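K.L.:
Let me begin by handing over the structure; questions about it come next.
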Protein chains: 2
Amino acid sequence: MRNRQRESEQQQFIEAVGLSFEQAGLPRMAGRILGWLLICDPPHQSPGELAEVLQASKGSISSMTRLLEQLGVIERLSLPGERRDYFRIRSESWAALFKRRMELVSNFRQLADRGLELLSEHTPEQRQRLDEMRNMYAFFEYEVPRLLERWEQERRSQSE
Amino acid sequence: MRNRQRESEQQQFIEAVGLSFEQAGLPRMAGRILGWLLICDPPHQSPGELAEVLQASKGSISSMTRLLEQLGVIERLSLPGERRDYFRIRSESWAALFKRRMELVSNFRQLADRGLELLSEHTPEQRQRLDEMRNMYAFFEYEVPRLLERWEQERRSQSE
DNA sequence: TAATATGTTCAGTATTGACTGAACATATTA
DNA sequence: TAATATGTTCAGTCAATACTGAACATATTA
């Protein structure tokens with residue numbers, strides 16, 4: 001009966017996902033929820049179950065699931081004949097997260113443009129810093145969505 | 001004499017960069033420093049000048065410039081015959097920042113692998129969530145460095 | 001050597017925001 | 001209707017950390 005060991009490994013995995021989420025700038029508890037939803041059986045869990053497994057308050061589970069839902073990472077699931085709600089990971093979750101992150105890139109490109117307006121009367125040398133910033137973020141702003149499309153295509157052909 | 005207006009616009013730009021930096025998970029003051037270094041004249045500034053313009057303590061300037069230096073975003077500059085140090089933006093700054101961010105992608109791919117080990121005895125259906133996560137992050141872990149290379153090439157050909 | 005100019009360290013403060021837990025809402029069953 | 005089961009809201013707590021400011025370090029000039 002290696003159940004203890006297995007549970008401990010699961011807990012460690014959950015914490016690791018939590019920490020990574022925190023590094024990405026999201027609340028740790030949101031990461032913990034996601035960590036558990038990645039390995040739990042069945043793959044859908046009720047708020048109550050989440051609170052118990054993660055030893056968190058119901059309030060925290062409620063607000064973090066709301067956040068994850070808004071981010072497009074999880075979805076709510078209601079089963080016929082059951083009054084409880086469930087959450088599970090959306091299949092597009094990671095692409096959704098990635099897209100959200102890419103908004104920052106667009107934001108930085110806009111900042112560069114704004115800076116260039118400020119220096120509109122200045123010499124090319126003065127503007128070079130902002131030109132480089134702008135060019136690079138514009139490049140990624142254009143190319144990353146294309147990369148995502150390529151990924152979607154590959155995924156589609158994989159699942160056939 | 002529209003000097004007041006100009007200064008106010010500069011301050012607003014600095015704050016905007018600060019806020020964007022904060023959204024990206026870095027200290028706001030680091031963003032402010034970068035914001036000013038993007039538009040200042042001359043493009044290099046001493047810690048003292050930074051503290052004055054940004055109305056920040058010398059301590060904060062000292063630790064934030066250290067951080068930005070470690071991140072590869074700015075570099076220290078000492079001019080002959082001057083005892084003061086200066087900071088300016090590195091030309092590779094944005095690529096350096098971007099690469100740093102991409103470490104998170106690699107991290108998430110590794111997490112997915114770790115999860116898959118935990119579910120090594122489970123059915124393909126059970127493992128699907130983690131498979132998708134792994135596949136997507138592995139895709140970007142591979143492709144984004146290629147994109148960065150393409151960018152470096154374009155940049156080189158631009159500056160010729 | 002003292003006086004000045006410059007920069008760093010670090011202990012302490014202040015602020016932000018994640019998280020808790022109790023009160024409240026809603027639905028279901030008896 | 002009361003009793004139970006479930007979920008949300010929100011005021012308050014706590015911890016992490018960005019930032020300040022004073023003490024300290026270092027270098028330069030007189």
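In the structure tokens, each chain is lettered A, B, ... as it comes, each chain's residues begin at 1, and ligands are numbered from 1 in order of appearance.
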Using only C-alpha atoms (C1' of nucleotides) and a distance of at most 8 Å, pull out the residues of chain B that contact chain C, as a PyMOL selection string.
P.N.:
chain B and resi 59+62+84
K.L.:
Mind checking DSSP for chain A and telling me the alpha helix (DSSP H) residues as a ChimeraX atom specification?
P.N.:
/A:3-23,28-39,47-54,58-70,93-118,124-158
K.L.:
For chain D versus chain A, which residues have an atom no more than 8 Å away, and what is each residue's nearest atom pair and distance in Å rounded to one decimal, using only C-alpha atoms (C1' of nucleotides), chain-then-number order, as CSV?
P.N.:
```
residue,atom,partner,partner_atom,distance
D:DT6,C1',A:Arg84,CA,7.0
D:DG7,C1',A:Ser62,CA,7.7
D:DT8,C1',A:Ser62,CA,7.0
```
K.L.:
Could you produce a table of the residues of chain B lying within 7 Å of chain A, with the nearest pair of atoms per residue and their separation in Å rounded to one decimal, using only C-alpha atoms, ordered by chain and increasing residue number, as CSV?
P.N.:
```
residue,atom,partner,partner_atom,distance
B:Gly25,CA,A:Gly25,CA,5.7
B:Leu38,CA,A:Arg129,CA,6.3
B:Ile39,CA,A:Gly115,CA,6.9
B:Trp94,CA,A:Met133,CA,6.5
B:Gly115,CA,A:Ile39,CA,6.9
B:Arg129,CA,A:Leu38,CA,6.3
B:Leu130,CA,A:Leu38,CA,6.4
B:Met133,CA,A:Trp94,CA,6.5
```
K.L.:
Quote the spacing between CA of Asn3 (chain A) and CA of Leu54 (chain A) in Å to one decimal place.
P.N.:
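Taking CA of Asn3 (chain A) as the start and CA of Leu54 (chain A) as the end point, the length is 17.3 Å.
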K.L.:
What is the distance between CA of Leu67 (chain B) and C1' of DA18 (chain D), in Å to one decimal?
P.N.:
12.9 Å
K.L.:
Using DSSP secondary structure from the backbone, list all strand (DSSP E or B) positions within chain B, as a PyMOL selection string.
P.N.:
chain B and resi 45+74-78+85-89
K.L.:
Could you tell me how far CA of Arg28 (chain A) sits from CA of Thr65 (chain A), in Å to one decimal place?
P.N.:
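Between these atoms lies a distance of 12.2 Å.
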